[in-house]
Structures are given as structure tokens and as C-alpha cells.
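Everything on this sheet refers to the single structure shown next.
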Amino acid sequence: MNTHAAETMEKKFVQDAPNSFEFNNENLKKVKTVLARYPKDRKASAIMPLFDLAQRQCGGWLPEVAIEYVAEYLGMPHIRAYEVASFYTMYNTTPVGKYHIQVCGTTPCMLSGSDDIVRVCEDQLGINLGETTDDGLFTLSEVECLGVCVNAPMIQVNDEYYTDLNPDIMSQLIKKLTNNQEVEPESQIGRKGSAPLTGPTTLTKGNS
Amino acid sequence: MPKLTIDNIEIEVPEGTTVLQAAESIGKEIPVFCYHPRLSIAGNCRMCLVDVERSPKPVASCSMPVAEGMVVHTDNERAKKARNGVLEFLLINHPLDCPICDQGGECDLQDLSMAYGKDCSRYTDFNKRAVSEQYLGPLIKTAMTRCIHCTRCVRFSTEIAGISEMGATGRGEHMEIGTYITKAVASELSGNMIDICPVGALLSKPYSFRGRPWELSNTQSIDVMDAVGSAVRIGSRGREVMRILPRLNEQVNEEWIADKARFSYDGLKSQRLDRPYVRSKGGKLNEATWEEAFDVIAKKISKLDPSTLAALAGDQADCEAMVALMDLMEKLGSPHLDCRQDGSKLEAGPRASYTFNTSIAGIENADYCLIIGSNPRWEAPLINARIRKNYLATGLKVALLAPEVELGYPIDYLGNTPDTLDKILDGSHLVAKKLKAAKTPMLILGQGALSRSDGKAVWALCAEIAEKYGLIHDGKGTPGEHWNGFNILHTAASRVGGLDMGFVPGKNGLGTLDILKKAEDGGIALVYLLGADELDTSKLKDAFVIYQGHHGDKAAQVADVILPGAAYTEKSATYVNTEGRVQRVLQAVATPGEAKEDWKIVRALSEKLDLTLPYNTLDQVRARLVEVNPLFDERDMLQRSAWKSFGRKGKVKSAPFVPIVENYYMTDPISRNSPTMANCTREILGWGQPEGRSGTDG
């Protein structure tokens with residue numbers, strides 16, 4: 001089950017939520033570029049990139065003050081902004097750990113064994129979906145399709161995709177992340193992009 | 001205009017019509033949940049699916065525009081099957097608690113389940129989802145588990161009510177409807193959300209678990225809590241008013257009513273005057289019979305000079321009672337009578353000078369609006385909703401010269417200095433240019449500006465502005481060019497009727513403020529109050545006060561004789577709304593105890609005084625009304641009144657306008673005695689327990 005949305009709905013009281021939010025200078029420059037993409041009377045369209053900037057500035061999550069700040073920045077009612085923030089799983093309305101593991105659970109991944117991936121994560125990290133480890137290192141959540149079904153099952157950790165997983169690889173991945181080791185993103189079995197698993201199947205002959 | 005075929009009927013409809021509207025125009029009913037003709041189209045319930053030939057999938061008819069040559073089947077096997085599927089999905093999570101749900105019997109989901117539902121569920125292995133309740137204030141009770149996410153309430157609050165507080169958060173199965181932060185919905189139209197909710201998710205809190213729709217007898221009536229005259233349906237059981245719902249009247253309230261009209265009915269059950277009372281020598285009010293009460297009055301009047309008698313009609317007095325009292329005063333020989341208890345300076349002159357000439361529906365044709373000394377959101381929420389409707393449709397520019405308020409649409413705030421009107425008239429103010437440039441400008445003059453001591457000057461000045469800047473194109477040119485943008489916004493349901501019949505001081509007669517002043521120094525010895533409560537009653541201490549009304553409210557406390565009358569739900573009577581529309585309320589329930597219809601009381605008293613009024617039946621009183629003013633014969637229709645210059649010049653003072661309605665939820669004896677309205681005052685306005693001062697204290 002996707003507990004993310006359920007959690008945001010409860011609007012849990014977050015203990016270390018900041019009291020105020022404002023874009024820093026660096027982000028204000030970026031905001032300017034983003035706003036330039038939309039007509040002046042349609043600036044509400046910029047809400048999603050602005051949320052992204054705000055989330056990065058807040059360390060991976062969007063506190064209520066940031067949602068309200070962005071809403072006012074764009075001249076929108078608070079509720080309209082909150083609707084957006086609660087709709088998309090890419091916005092976290094509660095704090096997340098250093099590594100936010102988002103397991104895709106949509107049909108192709110599910111058929112390729114995403115349930116096992118979730119189980120490995122839960123067992124190894126000792127948390128359930130939607131929870132954060134006590135050391136603040138990992139948050140585990142299930143998300144909808146992230147668009148790399150060919151390489152299913154897959155996860156997203158922060159900004160990177162890790163694909164072609166199986167329980168063993170997943171377990172190794174968590175260990176490496178825990179030990180702060182570098183992990184190469186994308187396919188974990190050395191496949192290039194979505195090339196066929198069995199090697200090239202077309203254009204096999206001809207000039208090289 | 002595209003031609004299309006719907007269920008083998010060929011029709012031609014204007015471009016941009018939706019398939020659903022086209023089907024409805026030929027009488028084909030398509031089931032809907034999220035579609036509402038007065039709201040934007042969401043297209044998210046999928047109940048309106050129809051089969052369109054050559055379309056790979058069924059089509060949501062509410063959001064599909066018609067196209068040339070379309071062949072639509074609204075009721076074939078494919079369409080029905082699609083709807084069966086939609087309904088089955090909706091019922092996965094909808095609880096089966098119809099027996100304990102207040103919506104039962106008038107629920108769209110219940111009705112459509114009968115038409116399209118299966119007799120059993122295929123989702124027996126799943127638990128239905130449960131959703132925690134929302135707090136939406138003292139008027140709306142929620143059962144969010146029943147919500148089917150049609151988003152009608154979200155669209156209503158954003159579009160019609162103009163408050164962006166409700167929204168849909170989360171996604172998919174976790175989507176929930178609610179407010180951003182838990183607080184009461186701060187709109188005077190919030191009760192309409194209960195009506196538009198197609199299921200039992202939003203319910204009336206005061207009515208909860210009180211009755212079933214099939215137990216109620218319905219009376220088609222008119223609301224008198226403000227001067228809009230909204231069409232309402234009074235649902236009653238036995239002697240009790242159970243609830244009040246809106247009735248469709250495109251010209252007035254469309255299909256909405258304000259919260260005070262809908263929820264103040266519980267005030268009809270407390271503090272009622274159900275028998276006559278007479279004050280004893282010791283100062284105590286004692287129960288009396290009608291005979292005794294009339295005897296006391298007759299004895300008192302026989303001892304008094306006619307010029308020391310006065311009569312005041314309150315804000316909810318009906319025309320029949322007023323005309324009877326007016327006739328009685330004439331027979332008694334007193335010219336001191338007034339229906340303007342707030343001291344308004346309007347006169348019973350040309351009708352166009354004291355009515356809302358543009359008409360409520362006409363607001364939609366305005367292209368500029370200047371509001372003076374009024375807060376339409378509190379004085380007439382439905383007129384405010386019309387202004388907002390025009391703002392949404394055409395971007396109407398509104399300027400406000402009054403205490404600053406949030407009206408639900410952008411305003412050009414002109415401050416609150418009445419002498420700005422002088423500048424507008426001499427052309428030096430920016431608004432003058434805008435009025436001149438506008439084709440159909442309108443101004444709304446509120447009672448806050450008219451009940452001041454310089455009300456007459458404000459009134460005349462506004463009329464001059466109207467004449468100078470072309471707010472009135474009257475009678476000239478083609479009829480289509482007729483436009484009268486001079487509008488008086490009344491707050492009292494009785495006022496226009498009173499002015500129409502001339503319930504104003506006669507020759508050498510005194511108006512409200514003078515009557516009160518003279519009552520204090522002894523010049524007036526007897527005051528007959530016909531439901532007039534919103535007065536400075538402390539000035540009536542030395543006068544002999546007859547109070548005829550339905551509530552033991554402010555004025556009854558200083559009364560020497562109390563004659564129990566009927567509230568608007570208990571009589572058949574005539575009211576004229578702020579536009580000048582003559583409408584009738586109908587009796588829904590019996591009067592409590594020994595209370596009587598108001599005109600009958602006056603008629604009975606006249607007999608006791610040997611001044612018998614010449615009418616014995618309601619029809620005869622109404623014939624008398626028509627005799628006084630033929631307009632009373634033109635029911636439910638608007639009579640265009642010709643513009644005549646009026647008024648006299650005077651200096652407008654610079655003192656700022658003060659709001660005439662201080663507390664929307666408590667303006668009259670009924671709403672002041674309503675526990676629901678008291679809750680609203682506390683929870684929505686955030687005020688402490690109100691006491692003493694009322695909304696219409698000027």
C-alpha cells in the first residue's frame with residue numbers, strides 16, 4: 001500500500017519543522033529563470049519546479065511553511081498548493097532520511113518482483129513502508145511508475161535510479177549505502193540503458 | 001451549428017454545447033454525480049458515460065463538446081454497462097449505512113444504485129476505506145467515508161462562494177476532501193454545499209438525525225431574513241419547521257440560499273410569544289386573554305389625543321399587517337407612522353428611487369459596479385454572489401466606498417470618506433472616468449449610507465451621479481437599451497412593501513427618530529410596534545408600548561401590552577423584495593398557542609376601538625393593498641419603474657460610513673433567538689457570546 005499519501009493527509013505534527021521559510025539567494029535566481037517560462041498571469045504554473053527548489057533547500061522535504069511560502073509567492077490559495085504537494089510522491093511533507101528509497105510498485109515492477117524488493121528493504125532496515133530508520137539514514141516508501149519498466153524492478157534513491165534489481169542486489173545496495181560506499185546508478189547488472197538482456201538482437205551484422 | 005443524432009433523434013445545437021446538455025435539451029436524462037450546471041465541469045465521476053459511434057471507448061458526456069455528425073446512444077447496452085461499472089467502483093468504498101444516513105431518500109447515489117447498481121458486491125475480500133471527519137463549522141456535518149470525490153463542494157466554494165478553503169488532497173485511493181487547516185468554512189453560502197453534495201458526506205448539522213424527507217410536508221415560500229426574497233421550501237412536520245431548503249428562482253436566488261435563511265429556523269422555537277400579556281401596575285407582565293389585552297388598549301387610546309399616537313413597523317412585518325395598521329392609524333387620526341425603523345432617509349417617492357432597479361439577474365449585464373456604504377456580502381449574500389458571478393464571467397470591475405471588507409472578488413477600494421462622492425460628481429475622481437466609459441454601470445447604495453443623519457444628501461448625490469454618468473437610459477431608444485443602474489440595497493424584507501403602500505409619516509407626521517425622541521419627552525404617549533425590535537427601546541420607557549410580534553425579544557421587554565403575532569412560516573402574507581418584486585410567503589405550520597396572523601390582530605383591535613376596518617378576509621385585505629398601490633397585484637414579476645429626478649441637495653458629512661449589519665448571523669428576532677446562529681457567531685466570526693446590540697442597530 002502507498003502509505004505516503006495517507007501520511008500526508010494526517011498532517012502529522014512534525015517536531016523539528018522550521019518556523020519560517022524563504023528562498024535563499026541562489027534559489028531566488030533559479031526561481032527567476034523558472035518564472036520566465038510562463039506568462040505573468042499564469043505564474044501558478046511554476047508551482048512544481050518551485051516546490052522542488054524549496055524541497056531541496058529544506059533538506060529533502062517540504063514543511064508547511066514552505067508550501068505556504070510558495071503559494072503566496074505565486075499568488076495561489078494555500079489549499080491549491082497543498083493539493084499539489086500532497087498529490088505528487090516526489091514531494092515529501094514529512095522529513096525523510098539521508099537516503100529516500102522509493103520502490104516502484106506499479107504493475108510491471110510488481111510482476112517482476114517488487115514485492116521481494118520491498119521485503120528485503122523492510123527486513124534489512126527494520127522499518128515498514130513509509131517509515132524512517134532511527135539513525136535517520138533511510139526512508140522507505142512505495143511509489144507509482146517511474147518510467148523504466150524495461151529494467152524492472154527498480155528503485156529511486158534521492159535523484160538516482162537503480163534498476164534491474166533482485167533481492168541480493170538490493171541487499172548489497174543497502175549495505176553499500178549504509179557504509180557510505182559509492183554505488184553506480186542505473187542498471188545493476190551492467191546493462192546499457194534498456195538494451196536487450198540477451199545482447200543485441202538487431203543490426204548484428206554489417207559495417208562496424 | 002453542429003448537427004448530431006442522439007438516440008435516433010436528430011438535433012442541431014450551438015457550437016460548444018456538451019453532449020450532456022444536448023441530450024438534456026431533448027429530454028434525455030443522463031445520470032451524473034460531479035456535473036452541476038452552475039459549476040465548472042470536472043468530468044471525474046464518469047457516471048455520465050454514453051456510447052458514441054466510432055469512438056473506441058464510452059465518452060464522458062458532461063465534458064465532451066458536440067461535433068458534426070456525432071451519433072450518440074445515451075441508453076444502449078454499452079452505455080449502461082459502462083455506468084454499471086462506474087457505480088460498482090463507487091460502491092467499493094461507499095458505506096452501506098443508508099438506514100442511518102440523513103441523505104437517505106434524497107440521495108443521488110441511492111437513486112442511481114437503484115437504476116444501475118448490482119444487488120451484491122464483488123469486493124467482499126476488501127475492507128472499505130475509512131476517512132476521518134472534517135470540522136467545517138457549526139452548520140455542516142461531515143461523514144467523509146461516504147464521499148465519492150465528485151469535488152462539487154470544492155468547486156462551489158471556490159467558484160460561487162469565492163473562498164478557496166476546500167480542496168482535494170492526496171491522490172488515488174487516498175484522495176480526501178477537506179480544508180487546509182481545520183476551521184469553519186467562512187462563507188454565508190456554505191449551507192449550499194449540503195445541497196449540492198450528491199451523497200451523505202456533507203450534511204446539515206442542526207438537522208442531523210431529526211427527520212426523513214418523506215415525513216416532511218413542504219411549503220413553497222419566501223425567505224424574509226434579508227430583502228432579497230429568496231425562494232425557499234419549508235419542510236415541516238406537525239407544528240415544527242424541520243428545515244428550510246432553497247427553491248429555484250433564476251431571477252432571484254438561482255438555486256442557492258444564504259445560511260441565515262437556511263439555518264435560523266430553530267429561532268422559531270424559542271422565546272415565542274404564544275399568548276397576550278398585559279403589564280400590571282407593579283411592572284410585571286401578566287398573561288391575559290385577547291379580550292383583556294384589547295380592553296386595556298382601548299381604554300388607553302380613548303384617553304389619549306390622536307396626535308400622541310404612533311406606529312412603527314419592523315423589518316419582518318408583512319404588507320397585509322402593515323396596510324391594516326396604516327388604515328387603523330388613519331382612522332385614529334394620527335399621522336405618526338413609519339416603516340423605516342433604522343431611521344433610513346428613503347422616501348416613499350418615485351419607486352425607482354428606493355428599489356434595486358437593475359434587478360438581481362440584471363447584475364450580470366453590468367460592466368462597472370460602484371458600491372456605496374454597503375457590505376453586500378452580509379446585507380444580501382445572494383446579490384454578492386451575483387456580482388461575483390459577473391466578475392467570473394466578464395471580469396466586472398467593482399469599486400467600494402464603505403468600510404473595507406473581503407467580498408470574494410477583487411475590489412477597487414476607494415476608502416471610506418463619503419465626501420469622495422462629491423469628487424465623483426464633479427468629475428475629479430478617477431471613478432468618474434470609469435463610470436463614463438462604462439456602457440452599463442451600476443451603483444449600489446446601502447442602508448449604512450442612508451440611515452445616517454445626512455442620508456438624504458447621500459441619496460440625492462448618488463441619484464445625481466446616476467443621472468450625470470449615464471447609469472440610467474430609461475425608456476429612450478429601443479427597449480433593449482433600457483438600463484437603470486441606480487440601486488438601493490435594502491436589508492429589511494418589509495421595507496419596499498412599506499414604502500410602496502406609504503407606511504411613512506403623513507402630513508405633519510413624525511418619522512422613527514422623532515417618534516422615539518418625542519416618546520422620551522412625552523410628546524408621544526403610545527407607540528404601536530409591529531414587530532419593530534431593532535430600536536433604541538430605552539427611549540420608550542415613558543410611553544405606553546403595544547408590541548405585536550412573534551418573539552419576546554428586545555421590544556417586548558418594554559411593552560405594556562403584548563399581542564402575539566405569527567412568524568413568516570406561520571402566515572400567508574405578502575412581501576416585496578429589494579428589487580420591488582411582490583412575493584408571497586405561505587403558511588407552513590400553525591401559530592403557537594393563541595398567537596394569530598398579524599392583520600387579523602389589527603382588524604380585531606379596530607373593532608374594539610369602534611373603528612372597524614372594512615375587511616374580513618385575507619382576500620379583502622389584499623384587495624385593499626391593490627387599492628393602495630396597484631403594484632401589489634403584479635406578483636412575482638418585476639415592474640420597471642420610470643426614473644424621476646428626486647431628492648434635495650445637502651452637505652454630505654465626512655464622517656465614515658458605518659456598517660448596517662454588524663453581525664450577519666443575528667439581525668432580527670428570529671436569528672437572535674436561534675442557537676445555530678449563536679454558534680455561527682461564536683465559531684465562524686469568533687466572537688464571544690453576543691448580547692444586547694443587534695445587527696440592524698443603526
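Ordering of the C-alpha cells sets the chain letters (A, B, ...); residue numbers start at 1 within each chain; ligands are numbered from 1 in the order shown.
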Could you tell me, as a count of residues only, which residues of stretch 415-533 of chain B DSSP assigns to alpha helix (DSSP H) when given the backbone?
50
Name the residues in contact with stretch 479-489 of chain B at a cut-off of 10 Å, using only C-alpha atoms, excluding same-chain residues fewer than 3 positions from it; report them as an NGL selection string.
:B and (227-228 or 346 or 352-360 or 362-363 or 365-366 or 368-376 or 379-380 or 383 or 439-448 or 450 or 459 or 462-463 or 465-467 or 470-476 or 492 or 577-579 or 640-643)
With a cut-off of 12 Å and counting only C-alpha atoms, select all residues of chain B in contact with chain A and give the selection as a ChimeraX atom specification.
/B:129-134,154-155,157-158,162-182
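Using only C-alpha atoms, the residues found no farther than 9 Å from A:Gly59, other than those of its own chain fewer than 2 positions away, are Ala54, Gln55, Arg56, Gln57, Trp61, Leu62, Pro95, Val96 and Lys98 of chain A.
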Residue subset to file, keeping C-alpha atoms, as a PDB file, in the first residue's frame:
ATOM      1  CA  ALA A  54      12.058  24.556  -1.818  1.00  0.00           C
ATOM      2  CA  GLN A  55      12.285  20.853  -1.012  1.00  0.00           C
ATOM      3  CA  ARG A  56      15.986  20.720  -1.837  1.00  0.00           C
ATOM      4  CA  GLN A  57      16.622  23.804   0.238  1.00  0.00           C
ATOM      5  CA  TRP A  61      11.123  17.644   2.457  1.00  0.00           C
ATOM      6  CA  LEU A  62       8.510  20.381   2.219  1.00  0.00           C
ATOM      7  CA  PRO A  95      11.112  14.749   6.880  1.00  0.00           C
ATOM      8  CA  VAL A  96      12.955  11.926   5.123  1.00  0.00           C
ATOM      9  CA  LYS A  98      19.526  10.791   4.008  1.00  0.00           C
TER      10      LYS A  98
END
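Note that atom CA of B:Gly506 and atom CA of B:Ala532 are 19.2 Å apart.
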Just checking: using only C-alpha atoms, which residue out of B:Glu534, B:Asp454, B:Asp419, B:Glu10 ends up closest to B:Thr667?
B:Glu534
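Comparing A:Asp135, A:Val120, A:Gly206, A:Leu129 by their smallest distance to A:Leu165, the closest is A:Val120 (using only C-alpha atoms).
Interatomic distance, atom CA of B:Ile601 to atom CA of B:Tyr568: 15.3 Å.
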Selection: 6 Å around stretch 138-148 of chain A, only C-alpha atoms, excl. self and same-chain fewer than 2 positions, as a ChimeraX atom specification:
/A:2,96-106,129-133,136,150-151
Emit the selected residues as a compact mmCIF listing (two decimals), in the first residue's frame, including C-alpha atoms.
# COMPACT_ATOMS: atom_id res chain seq x y z
CA ASN A 2 1.13 3.51 -0.69
CA VAL A 96 12.95 11.93 5.12
CA GLY A 97 16.26 10.20 5.80
CA LYS A 98 19.53 10.79 4.01
CA TYR A 99 18.60 8.09 1.50
CA HIS A 100 14.99 8.08 0.41
CA ILE A 101 14.38 4.66 -1.11
CA GLN A 102 11.34 4.80 -3.36
CA VAL A 103 10.34 1.37 -4.59
CA CYS A 104 8.23 1.26 -7.71
CA GLY A 105 5.22 -0.96 -7.14
CA THR A 106 3.30 -0.48 -10.34
CA LEU A 129 6.90 1.33 4.17
CA GLY A 130 6.50 5.00 4.98
CA GLU A 131 8.90 4.91 7.90
CA THR A 132 12.36 6.26 8.59
CA THR A 133 15.16 4.42 10.35
CA GLY A 136 17.86 8.96 10.07
CA VAL A 150 12.01 -2.39 -19.17
CA ASN A 151 14.51 -2.55 -16.35
Got a sec to tell me which of stretch 147-208 of chain A DSSP assigns to strand (DSSP E or B), as a CSV table (one decimal) with C-alpha atoms, in the first residue's frame?
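Everything below was put into out.csv:
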chain,number,residue,atom,x,y,z
A,155,ILE,CA,14.0,1.9,-7.1
A,156,GLN,CA,14.9,5.5,-6.9
A,157,VAL,CA,17.2,6.7,-4.2
A,160,GLU,CA,19.2,8.4,-9.0
A,161,TYR,CA,17.6,5.3,-10.4
A,162,TYR,CA,18.8,1.8,-9.6
A,163,THR,CA,17.4,-0.8,-11.9
A,186,GLU,CA,21.3,2.8,-13.4
A,187,SER,CA,21.4,-0.9,-14.3
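One distance worth recording is that between atom CA of B:Glu520 and atom CA of B:Ser344, which is 20.2 Å.
Considering only C-alpha atoms, the residue among A:Pro108, A:Gly60, A:Pro200, A:Pro18 positioned nearest to A:Pro153 is A:Pro108.
Shortest atom-to-atom contact with B:Leu499 among B:Glu406, B:Glu347, B:Asp426, B:Glu364: B:Glu347, counting only C-alpha atoms.
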Residue neighbourhood A:Val31, 12 Å, only C-alpha atoms, exclusion window fewer than 2 positions, as an MDAnalysis selection string
chainID A and resid 22:29 33:38 43 46:54 70 73:74
Store the residues picked out above in a file with C-alpha atoms, as a PDB file, in the first residue's frame.
ATOM      1  CA  GLU A  22      12.332  31.877   2.394  1.00  0.00           C
ATOM      2  CA  PHE A  23      14.237  31.072  -0.791  1.00  0.00           C
ATOM      3  CA  ASN A  24      17.963  31.681  -0.454  1.00  0.00           C
ATOM      4  CA  ASN A  25      19.726  33.926  -2.953  1.00  0.00           C
ATOM      5  CA  GLU A  26      20.919  31.081  -5.098  1.00  0.00           C
ATOM      6  CA  ASN A  27      17.422  29.670  -5.392  1.00  0.00           C
ATOM      7  CA  LEU A  28      15.889  33.064  -5.996  1.00  0.00           C
ATOM      8  CA  LYS A  29      17.982  33.265  -9.159  1.00  0.00           C
ATOM      9  CA  THR A  33      14.537  31.534 -14.629  1.00  0.00           C
ATOM     10  CA  VAL A  34      11.602  29.247 -13.883  1.00  0.00           C
ATOM     11  CA  LEU A  35       9.064  32.092 -13.757  1.00  0.00           C
ATOM     12  CA  ALA A  36      10.334  33.406 -17.084  1.00  0.00           C
ATOM     13  CA  ARG A  37       8.970  30.262 -18.725  1.00  0.00           C
ATOM     14  CA  TYR A  38       5.348  31.155 -18.004  1.00  0.00           C
ATOM     15  CA  LYS A  43       2.669  32.053 -12.840  1.00  0.00           C
ATOM     16  CA  ALA A  46       5.568  27.331 -11.826  1.00  0.00           C
ATOM     17  CA  ILE A  47       4.481  25.650  -8.636  1.00  0.00           C
ATOM     18  CA  MET A  48       6.103  22.274  -9.253  1.00  0.00           C
ATOM     19  CA  PRO A  49       9.650  23.469 -10.038  1.00  0.00           C
ATOM     20  CA  LEU A  50       9.394  25.917  -7.144  1.00  0.00           C
ATOM     21  CA  PHE A  51       8.335  23.156  -4.793  1.00  0.00           C
ATOM     22  CA  ASP A  52      11.336  21.163  -5.973  1.00  0.00           C
ATOM     23  CA  LEU A  53      13.697  24.025  -5.209  1.00  0.00           C
ATOM     24  CA  ALA A  54      12.058  24.556  -1.818  1.00  0.00           C
ATOM     25  CA  VAL A  70       5.478  29.127  -2.387  1.00  0.00           C
ATOM     26  CA  TYR A  73       4.902  33.669  -3.854  1.00  0.00           C
ATOM     27  CA  LEU A  74       2.731  32.564  -6.757  1.00  0.00           C
TER      28      LEU A  74
END
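Residues with any atom within 7 Å of stretch 620-625 of chain B, counting only C-alpha atoms and excluding same-chain neighbours fewer than 5 positions away, are B:Glu320, B:Val323, B:Tyr615, B:Phe632.
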Let me see the file: selected residues, C-alpha atoms, as a tab-separated table (two decimals), in the first residue's frame.
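Written output follows (part_3.tsv):
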chain	number	residue	atom	x	y	z
B	320	GLU	CA	-51.18	42.85	4.95
B	323	VAL	CA	-51.75	48.14	5.47
B	615	TYR	CA	-62.12	43.81	5.56
B	632	PHE	CA	-49.34	44.71	-5.28
As number ranges by chain, please: the residues near A:Gln172 (cut-off 12 Å, only C-alpha atoms, same-chain neighbours under 4 positions excluded).
A: 117, 120-121, 124, 165-168, 176-179, 181-183, 188
